[in-house]
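File shown: data.csv. Contents: CSV, N, CA and C atoms.
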```csv
chain,number,residue,atom,x,y,z
A,1,GLY,N,-59.2,11.7,-11.5
A,1,GLY,CA,-58.2,10.6,-11.7
A,1,GLY,C,-57.1,10.7,-10.7
A,2,HIS,N,-56.2,9.8,-10.7
A,2,HIS,CA,-55.1,9.6,-9.9
A,2,HIS,C,-53.9,10.5,-10.5
A,3,VAL,N,-53.0,11.0,-9.6
A,3,VAL,CA,-51.9,11.8,-10.1
A,3,VAL,C,-51.0,11.0,-11.0
A,4,PHE,N,-50.9,9.7,-10.8
A,4,PHE,CA,-50.1,8.8,-11.6
A,4,PHE,C,-51.0,7.7,-12.2
A,5,ASP,N,-51.3,7.9,-13.5
A,5,ASP,CA,-52.2,6.9,-14.2
A,5,ASP,C,-51.7,6.6,-15.6
A,6,PRO,N,-50.7,5.8,-15.7
A,6,PRO,CA,-50.1,5.5,-17.0
A,6,PRO,C,-51.0,4.8,-18.0
A,7,THR,N,-52.1,4.2,-17.5
A,7,THR,CA,-53.1,3.5,-18.4
A,7,THR,C,-54.2,4.4,-18.9
A,8,ALA,N,-54.2,5.6,-18.5
A,8,ALA,CA,-55.2,6.6,-19.0
A,8,ALA,C,-55.1,6.7,-20.5
A,9,GLU,N,-56.3,7.0,-21.1
A,9,GLU,CA,-56.3,7.1,-22.6
A,9,GLU,C,-55.2,8.1,-23.0
A,10,LYS,N,-55.2,9.3,-22.3
A,10,LYS,CA,-54.2,10.3,-22.6
A,10,LYS,C,-53.6,10.7,-21.2
A,11,PRO,N,-52.5,9.9,-20.8
A,11,PRO,CA,-51.9,10.2,-19.5
A,11,PRO,C,-51.5,11.7,-19.4
A,12,SER,N,-51.6,12.2,-18.2
A,12,SER,CA,-51.2,13.6,-17.9
A,12,SER,C,-49.7,13.8,-18.1
A,13,GLU,N,-49.3,15.0,-18.2
A,13,GLU,CA,-47.9,15.3,-18.3
A,13,GLU,C,-47.2,14.9,-17.0
A,14,THR,N,-47.8,15.0,-15.9
A,14,THR,CA,-47.2,14.6,-14.6
A,14,THR,C,-47.0,13.1,-14.6
A,15,THR,N,-47.9,12.3,-15.1
A,15,THR,CA,-47.8,10.9,-15.2
A,15,THR,C,-46.6,10.5,-16.1
A,16,VAL,N,-46.6,11.1,-17.3
A,16,VAL,CA,-45.5,10.8,-18.2
A,16,VAL,C,-44.1,11.1,-17.6
A,17,LEU,N,-44.0,12.3,-17.0
A,17,LEU,CA,-42.7,12.7,-16.4
A,17,LEU,C,-42.4,11.8,-15.2
A,18,LEU,N,-43.3,11.5,-14.3
A,18,LEU,CA,-43.0,10.6,-13.2
A,18,LEU,C,-42.6,9.2,-13.7
A,19,GLU,N,-43.3,8.7,-14.6
A,19,GLU,CA,-43.0,7.3,-15.1
A,19,GLU,C,-41.6,7.3,-15.8
A,20,ALA,N,-41.3,8.4,-16.5
A,20,ALA,CA,-40.0,8.4,-17.2
A,20,ALA,C,-38.9,8.6,-16.1
A,21,LEU,N,-39.1,9.4,-15.1
A,21,LEU,CA,-38.1,9.6,-14.0
A,21,LEU,C,-37.9,8.3,-13.3
A,22,LEU,N,-39.0,7.7,-12.8
A,22,LEU,CA,-38.9,6.5,-12.0
A,22,LEU,C,-38.4,5.3,-12.7
A,23,CYS,N,-38.8,5.1,-13.9
A,23,CYS,CA,-38.4,3.9,-14.7
A,23,CYS,C,-37.0,4.2,-15.3
A,24,GLY,N,-36.7,5.4,-15.6
A,24,GLY,CA,-35.4,5.7,-16.2
A,24,GLY,C,-34.3,5.8,-15.2
A,25,ARG,N,-34.6,6.3,-14.0
A,25,ARG,CA,-33.5,6.5,-13.0
A,25,ARG,C,-33.6,5.5,-11.8
A,26,ALA,N,-34.8,5.2,-11.3
A,26,ALA,CA,-34.9,4.4,-10.1
A,26,ALA,C,-34.8,2.9,-10.5
A,27,LEU,N,-35.5,2.5,-11.5
A,27,LEU,CA,-35.5,1.0,-11.8
A,27,LEU,C,-34.1,0.5,-12.1
A,28,PRO,N,-33.2,1.2,-12.8
A,28,PRO,CA,-31.9,0.6,-13.1
A,28,PRO,C,-31.0,0.3,-11.8
A,29,VAL,N,-31.3,1.1,-10.8
A,29,VAL,CA,-30.5,0.9,-9.5
A,29,VAL,C,-31.3,0.0,-8.5
A,30,LEU,N,-32.4,-0.6,-8.9
A,30,LEU,CA,-33.2,-1.4,-8.0
A,30,LEU,C,-32.4,-2.7,-7.5
A,31,PRO,N,-31.6,-3.3,-8.4
A,31,PRO,CA,-30.9,-4.5,-7.9
A,31,PRO,C,-29.9,-4.1,-6.8
A,32,ARG,N,-29.3,-3.0,-6.8
A,32,ARG,CA,-28.4,-2.5,-5.7
A,32,ARG,C,-29.2,-2.2,-4.5
A,33,ILE,N,-30.4,-1.5,-4.7
A,33,ILE,CA,-31.2,-1.1,-3.5
A,33,ILE,C,-31.8,-2.4,-2.8
A,34,LEU,N,-32.1,-3.4,-3.6
A,34,LEU,CA,-32.7,-4.6,-3.0
A,34,LEU,C,-31.7,-5.3,-2.2
A,35,CYS,N,-30.4,-5.1,-2.4
A,35,CYS,CA,-29.3,-5.7,-1.6
A,35,CYS,C,-28.8,-4.9,-0.4
A,36,ASP,N,-29.4,-3.7,-0.4
A,36,ASP,CA,-28.9,-2.7,0.6
A,36,ASP,C,-29.5,-3.1,2.0
A,37,ASP,N,-29.1,-2.3,3.0
A,37,ASP,CA,-29.6,-2.5,4.4
A,37,ASP,C,-31.0,-2.1,4.5
A,38,PRO,N,-31.8,-2.7,5.4
A,38,PRO,CA,-33.2,-2.2,5.6
A,38,PRO,C,-33.2,-0.8,6.1
A,39,PRO,N,-34.1,0.0,5.8
A,39,PRO,CA,-35.4,-0.4,5.1
A,39,PRO,C,-35.4,-0.2,3.6
A,40,ALA,N,-34.2,0.0,3.0
A,40,ALA,CA,-34.2,0.3,1.5
A,40,ALA,C,-34.9,-0.7,0.7
A,41,PRO,N,-34.6,-2.0,0.9
A,41,PRO,CA,-35.3,-3.0,0.1
A,41,PRO,C,-36.9,-2.9,0.2
A,42,SER,N,-37.3,-2.6,1.4
A,42,SER,CA,-38.8,-2.5,1.6
A,42,SER,C,-39.3,-1.3,0.8
A,43,TYR,N,-38.6,-0.2,0.7
A,43,TYR,CA,-39.0,0.9,0.0
A,43,TYR,C,-39.0,0.6,-1.5
A,44,ALA,N,-38.0,-0.1,-2.0
A,44,ALA,CA,-37.9,-0.5,-3.4
A,44,ALA,C,-39.1,-1.4,-3.8
A,45,LEU,N,-39.5,-2.3,-2.9
A,45,LEU,CA,-40.7,-3.1,-3.1
A,45,LEU,C,-42.0,-2.3,-3.2
A,46,ARG,N,-42.1,-1.3,-2.4
A,46,ARG,CA,-43.2,-0.4,-2.4
A,46,ARG,C,-43.3,0.4,-3.7
A,47,LEU,N,-42.2,0.9,-4.1
A,47,LEU,CA,-42.1,1.7,-5.4
A,47,LEU,C,-42.5,0.8,-6.5
A,48,LEU,N,-42.0,-0.4,-6.6
A,48,LEU,CA,-42.3,-1.3,-7.7
A,48,LEU,C,-43.7,-1.7,-7.7
A,49,ALA,N,-44.3,-2.0,-6.5
A,49,ALA,CA,-45.7,-2.4,-6.4
A,49,ALA,C,-46.6,-1.3,-6.9
A,50,THR,N,-46.2,0.0,-6.5
A,50,THR,CA,-47.0,1.1,-7.0
A,50,THR,C,-47.0,1.3,-8.5
A,51,LEU,N,-45.8,1.2,-9.0
A,51,LEU,CA,-45.6,1.3,-10.5
A,51,LEU,C,-46.4,0.3,-11.2
A,52,LEU,N,-46.2,-1.0,-10.8
A,52,LEU,CA,-46.9,-2.1,-11.5
A,52,LEU,C,-48.4,-2.1,-11.3
A,53,SER,N,-48.9,-1.8,-10.1
A,53,SER,CA,-50.3,-1.8,-9.8
A,53,SER,C,-51.0,-0.6,-10.5
A,54,ARG,N,-50.3,0.4,-10.9
A,54,ARG,CA,-50.9,1.5,-11.7
A,54,ARG,C,-50.8,1.2,-13.2
A,55,GLY,N,-50.3,0.1,-13.5
A,55,GLY,CA,-50.3,-0.3,-14.9
A,55,GLY,C,-49.1,0.2,-15.8
A,56,SER,N,-48.0,0.5,-15.1
A,56,SER,CA,-46.8,1.0,-15.9
A,56,SER,C,-46.2,-0.1,-16.7
A,57,SER,N,-46.4,0.0,-18.0
A,57,SER,CA,-45.8,-1.0,-18.9
A,57,SER,C,-44.2,-0.8,-18.9
A,58,ALA,N,-43.8,0.4,-18.7
A,58,ALA,CA,-42.3,0.7,-18.7
A,58,ALA,C,-41.7,0.0,-17.5
A,59,ALA,N,-42.4,0.0,-16.4
A,59,ALA,CA,-41.9,-0.7,-15.2
A,59,ALA,C,-41.9,-2.3,-15.4
A,60,SER,N,-42.9,-2.8,-16.0
A,60,SER,CA,-43.0,-4.2,-16.3
A,60,SER,C,-41.8,-4.6,-17.2
A,61,ALA,N,-41.6,-3.8,-18.3
A,61,ALA,CA,-40.5,-4.1,-19.2
A,61,ALA,C,-39.2,-4.0,-18.5
A,62,GLY,N,-39.0,-3.0,-17.6
A,62,GLY,CA,-37.8,-2.8,-16.9
A,62,GLY,C,-37.5,-4.0,-16.0
A,63,ILE,N,-38.5,-4.6,-15.3
A,63,ILE,CA,-38.2,-5.8,-14.5
A,63,ILE,C,-37.7,-6.9,-15.3
A,64,ARG,N,-38.3,-7.1,-16.5
A,64,ARG,CA,-37.9,-8.2,-17.3
A,64,ARG,C,-36.5,-8.0,-17.9
A,65,GLU,N,-36.2,-6.7,-18.3
A,65,GLU,CA,-34.9,-6.4,-18.8
A,65,GLU,C,-33.8,-6.6,-17.7
A,66,LEU,N,-34.1,-6.2,-16.5
A,66,LEU,CA,-33.1,-6.3,-15.4
A,66,LEU,C,-33.0,-7.8,-14.9
A,67,GLY,N,-34.1,-8.6,-15.2
A,67,GLY,CA,-34.1,-10.0,-14.7
A,67,GLY,C,-34.0,-10.1,-13.2
A,68,ILE,N,-34.8,-9.3,-12.5
A,68,ILE,CA,-34.7,-9.2,-11.0
A,68,ILE,C,-35.9,-10.0,-10.3
A,69,THR,N,-36.6,-10.8,-11.0
A,69,THR,CA,-37.8,-11.4,-10.3
A,69,THR,C,-37.3,-12.3,-9.2
A,70,GLN,N,-36.2,-13.1,-9.4
A,70,GLN,CA,-35.7,-14.0,-8.4
A,70,GLN,C,-35.2,-13.2,-7.2
A,71,GLN,N,-34.6,-12.0,-7.4
A,71,GLN,CA,-34.1,-11.2,-6.4
A,71,GLN,C,-35.3,-10.6,-5.6
A,72,LEU,N,-36.3,-10.2,-6.3
A,72,LEU,CA,-37.6,-9.7,-5.7
A,72,LEU,C,-38.1,-10.8,-4.7
A,73,LEU,N,-38.2,-12.0,-5.2
A,73,LEU,CA,-38.7,-13.1,-4.4
A,73,LEU,C,-37.9,-13.3,-3.2
A,74,LEU,N,-36.6,-13.2,-3.3
A,74,LEU,CA,-35.7,-13.4,-2.1
A,74,LEU,C,-35.9,-12.3,-1.1
A,75,VAL,N,-36.1,-11.1,-1.5
A,75,VAL,CA,-36.4,-10.0,-0.6
A,75,VAL,C,-37.8,-10.2,0.0
A,76,LEU,N,-38.7,-10.6,-0.8
A,76,LEU,CA,-40.1,-10.8,-0.2
A,76,LEU,C,-40.0,-11.9,0.8
A,77,SER,N,-39.3,-13.0,0.6
A,77,SER,CA,-39.2,-14.1,1.5
A,77,SER,C,-38.5,-13.7,2.8
A,78,GLY,N,-37.7,-12.7,2.8
A,78,GLY,CA,-37.0,-12.3,4.0
A,78,GLY,C,-37.8,-11.3,4.8
A,79,GLN,N,-39.0,-11.0,4.4
A,79,GLN,CA,-39.9,-10.1,5.2
A,79,GLN,C,-40.5,-10.9,6.3
A,80,GLN,N,-40.8,-10.2,7.4
A,80,GLN,CA,-41.4,-10.9,8.5
A,80,GLN,C,-42.9,-11.3,8.2
A,81,THR,N,-43.6,-10.4,7.6
A,81,THR,CA,-45.0,-10.7,7.2
A,81,THR,C,-45.3,-10.1,5.8
A,82,LEU,N,-46.4,-10.5,5.3
A,82,LEU,CA,-46.8,-10.0,4.0
A,82,LEU,C,-47.5,-8.6,4.1
A,83,THR,N,-46.8,-7.6,3.8
A,83,THR,CA,-47.4,-6.3,3.8
A,83,THR,C,-48.3,-6.1,2.7
A,84,LEU,N,-49.1,-5.0,2.8
A,84,LEU,CA,-50.0,-4.7,1.7
A,84,LEU,C,-49.2,-4.5,0.3
A,85,HIS,N,-48.1,-3.8,0.4
A,85,HIS,CA,-47.3,-3.5,-0.8
A,85,HIS,C,-46.7,-4.8,-1.3
A,86,ALA,N,-46.3,-5.7,-0.4
A,86,ALA,CA,-45.7,-6.9,-0.9
A,86,ALA,C,-46.7,-7.8,-1.5
A,87,ALA,N,-48.0,-7.8,-0.9
A,87,ALA,CA,-49.0,-8.6,-1.5
A,87,ALA,C,-49.4,-8.1,-2.9
A,88,LEU,N,-49.4,-6.7,-3.0
A,88,LEU,CA,-49.7,-6.1,-4.3
A,88,LEU,C,-48.7,-6.4,-5.3
A,89,LEU,N,-47.4,-6.4,-4.9
A,89,LEU,CA,-46.3,-6.8,-5.8
A,89,LEU,C,-46.4,-8.2,-6.3
A,90,VAL,N,-46.7,-9.1,-5.4
A,90,VAL,CA,-46.9,-10.5,-5.7
A,90,VAL,C,-48.0,-10.7,-6.7
A,91,PHE,N,-49.1,-10.0,-6.5
A,91,PHE,CA,-50.3,-10.1,-7.4
A,91,PHE,C,-49.9,-9.6,-8.8
A,92,CYS,N,-49.2,-8.5,-8.8
A,92,CYS,CA,-48.8,-7.9,-10.1
A,92,CYS,C,-47.8,-8.8,-10.9
A,93,LEU,N,-46.9,-9.4,-10.1
A,93,LEU,CA,-45.9,-10.3,-10.7
A,93,LEU,C,-46.6,-11.6,-11.3
A,94,LEU,N,-47.6,-12.1,-10.6
A,94,LEU,CA,-48.4,-13.2,-11.0
A,94,LEU,C,-49.2,-12.8,-12.3
A,95,GLN,N,-49.8,-11.7,-12.2
A,95,GLN,CA,-50.7,-11.2,-13.2
A,95,GLN,C,-49.9,-11.0,-14.5
A,96,GLY,N,-48.7,-10.4,-14.4
A,96,GLY,CA,-47.8,-10.2,-15.5
A,96,GLY,C,-47.1,-11.4,-16.0
A,97,ARG,N,-47.3,-12.5,-15.3
A,97,ARG,CA,-46.7,-13.8,-15.6
A,97,ARG,C,-45.1,-13.7,-15.5
A,98,ASP,N,-44.7,-12.9,-14.6
A,98,ASP,CA,-43.2,-12.8,-14.3
A,98,ASP,C,-42.8,-13.8,-13.3
A,99,VAL,N,-43.7,-14.3,-12.5
A,99,VAL,CA,-43.5,-15.4,-11.6
A,99,VAL,C,-44.7,-16.4,-11.7
A,100,GLU,N,-44.5,-17.6,-11.2
A,100,GLU,CA,-45.6,-18.6,-11.2
A,100,GLU,C,-45.7,-19.0,-9.7
A,101,ILE,N,-46.8,-19.7,-9.5
A,101,ILE,CA,-47.1,-20.2,-8.1
A,101,ILE,C,-45.9,-21.0,-7.5
A,102,HIS,N,-45.3,-21.9,-8.4
A,102,HIS,CA,-44.2,-22.7,-7.8
A,102,HIS,C,-43.0,-21.8,-7.4
A,103,ASP,N,-42.9,-20.7,-8.1
A,103,ASP,CA,-41.8,-19.8,-7.6
A,103,ASP,C,-42.1,-19.2,-6.2
A,104,LEU,N,-43.3,-18.9,-6.0
A,104,LEU,CA,-43.8,-18.3,-4.7
A,104,LEU,C,-43.6,-19.4,-3.6
A,105,GLN,N,-44.0,-20.6,-4.0
A,105,GLN,CA,-43.8,-21.7,-3.0
A,105,GLN,C,-42.4,-22.0,-2.7
A,106,GLU,N,-41.6,-22.0,-3.7
A,106,GLU,CA,-40.1,-22.3,-3.6
A,106,GLU,C,-39.4,-21.3,-2.6
A,107,HIS,N,-39.9,-20.0,-2.7
A,107,HIS,CA,-39.3,-19.0,-1.8
A,107,HIS,C,-40.0,-18.7,-0.5
A,108,GLY,N,-41.0,-19.5,-0.2
A,108,GLY,CA,-41.7,-19.3,1.0
A,108,GLY,C,-42.8,-18.2,1.0
A,109,VAL,N,-42.9,-17.6,-0.1
A,109,VAL,CA,-43.9,-16.4,-0.2
A,109,VAL,C,-45.3,-17.0,-0.2
A,110,LEU,N,-45.6,-18.1,-0.7
A,110,LEU,CA,-46.9,-18.7,-0.7
A,110,LEU,C,-47.4,-18.9,0.7
A,111,ARG,N,-46.5,-19.4,1.6
A,111,ARG,CA,-46.8,-19.6,3.0
A,111,ARG,C,-47.2,-18.3,3.6
A,112,MET,N,-46.5,-17.2,3.3
A,112,MET,CA,-46.8,-15.9,3.8
A,112,MET,C,-48.2,-15.4,3.4
A,113,VAL,N,-48.5,-15.7,2.1
A,113,VAL,CA,-49.9,-15.4,1.6
A,113,VAL,C,-50.9,-16.2,2.3
A,114,HIS,N,-50.7,-17.4,2.5
A,114,HIS,CA,-51.6,-18.3,3.2
A,114,HIS,C,-51.8,-17.8,4.7
A,115,ASP,N,-50.7,-17.4,5.3
A,115,ASP,CA,-50.8,-16.9,6.7
A,115,ASP,C,-51.6,-15.6,6.8
A,116,ALA,N,-51.4,-14.7,5.8
A,116,ALA,CA,-52.1,-13.5,5.8
A,116,ALA,C,-53.6,-13.7,5.5
A,117,LEU,N,-53.9,-14.6,4.7
A,117,LEU,CA,-55.3,-14.9,4.4
A,117,LEU,C,-56.0,-15.5,5.6
A,118,ARG,N,-55.3,-16.4,6.3
A,118,ARG,CA,-55.8,-17.1,7.5
A,118,ARG,C,-56.1,-16.0,8.6
A,119,GLU,N,-55.1,-15.1,8.8
A,119,GLU,CA,-55.3,-14.0,9.8
A,119,GLU,C,-56.5,-13.1,9.4
A,120,ALA,N,-56.6,-12.8,8.1
A,120,ALA,CA,-57.8,-12.0,7.7
A,120,ALA,C,-59.1,-12.7,8.0
A,121,ALA,N,-59.1,-14.0,7.7
A,121,ALA,CA,-60.4,-14.8,7.9
A,121,ALA,C,-60.7,-14.9,9.4
A,122,GLU,N,-59.6,-15.1,10.2
A,122,GLU,CA,-59.9,-15.2,11.7
A,122,GLU,C,-60.4,-13.8,12.2
A,123,GLY,N,-59.8,-12.7,11.7
A,123,GLY,CA,-60.2,-11.4,12.1
A,123,GLY,C,-61.6,-11.1,11.7
A,124,ALA,N,-62.0,-11.5,10.5
A,124,ALA,CA,-63.4,-11.3,10.0
A,124,ALA,C,-64.4,-12.1,10.7
A,125,SER,N,-64.0,-13.4,11.0
A,125,SER,CA,-65.0,-14.3,11.6
A,125,SER,C,-65.0,-14.3,13.1
A,126,GLY,N,-63.9,-13.9,13.7
A,126,GLY,CA,-63.7,-14.0,15.2
A,126,GLY,C,-63.4,-15.4,15.6
A,127,HIS,N,-63.2,-16.3,14.7
A,127,HIS,CA,-62.9,-17.7,15.1
A,127,HIS,C,-61.5,-18.0,14.5
A,128,PHE,N,-60.8,-19.0,15.1
A,128,PHE,CA,-59.6,-19.4,14.6
A,128,PHE,C,-59.8,-20.4,13.5
A,129,VAL,N,-59.1,-20.2,12.4
A,129,VAL,CA,-59.3,-21.0,11.2
A,129,VAL,C,-58.2,-22.1,11.2
```

If you took the structure in this file and wrote it as structure tokens, what would it be?
Amino acid sequence: GHVFDPTAEKPSETTVLLEALLCGRALPVLPRILCDDPPAPSYALRLLATLLSRGSSAASAGIRELGITQQLLLVLSGQQTLTLHAALLVFCLLQGRDVEIHDLQEHGVLRMVHDALREAAEGASGHFV
């Protein structure tokens, strides 16, 4: 198994401790980190993407309690390209129904997703799409 697996039937002690530490200490300061100078916001997105993609219900609850989805979308929209972690975060936010497609479109994130998919298709086919 993975060192951090909060969805395991019986999460390891390491998982429990990591989740408590990250969700108890790091999540509450995310709003400040997201407003900080680069690369801090990017690292915050990576951390959040990792927590959510590993199924951390504490992280999901924390995002809702902090009410930072709009702030996350603003940070995502300010990125040059859609990174793997940004795409993972967008997927998790959609899956958790924290954002909807129109939110992504409104912030220009949907355009970034479209561009990333087009680039991947062009790379795979060798043709411009």

Exercise. What lies within 8 Å of segment 54-58 of chain A using all atoms listed in the file, ignoring chain neighbours under 4 positions off, as a ChimeraX atom specification?
Worked result: /A:4-8,19,22-24,48-50,62-64

Exercise. What gap, in Å, lies between atom CA of Ser77 of chain A and atom CA of Leu34 of chain A?
Worked result: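 Atom-to-atom, atom CA of Ser77 of chain A to atom CA of Leu34 of chain A, that is 12.4 Å.
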
Problem set entry | Gap from atom CA of Ala86 of chain A to atom CA of Pro41 of chain A - Å, one decimal | 11.2 Å

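Remark: for Leu52 of chain A, the closest of the candidate residues A:Leu76, A:Leu89, A:Leu27, A:Cys35 is A:Leu89 (distances computed over all atoms listed in the file).
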
For this session: Would you mind listing what lies within 6.5 Å of Leu82 of chain A as a PyMOL selection string, with only N, CA and C atoms counted and same-chain residues fewer than 3 positions away left out?
Result: chain A and resi 79+85-87+112-113+116

Problem set entry | For Gly67 of chain A: contacts at 12 Å, only C-alpha atoms, fewer than 5 positions along chain excluded, given as a ChimeraX atom specification | /A:27-28,30-31,60-62,72-73,98-99

Exercise. If you measure from atom CA of Leu47 of chain A to atom CA of Ala121 of chain A, what distance in Å do you get, rounded to one decimal?
Worked result: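 Rounded to one decimal, the two atoms are 28.0 Å apart.
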
Exercise. Which parts of chain A does DSSP call alpha helix (DSSP H) when run on the backbone here, written out as a PyMOL selection string?
Worked result: chain A and resi 13-21+30-34+40-53+57-66+69-77+84-95+101-106+109-125

For this session: Go through A:Val16, A:Ala26, A:Ala59, A:Leu84 one by one, measure the shortest atom-to-atom distance of each to Arg46 of chain A using only C-alpha atoms, and give the residue with the smallest value.
Result: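 Among the listed residues, A:Leu84 lies closest to Arg46 of chain A.
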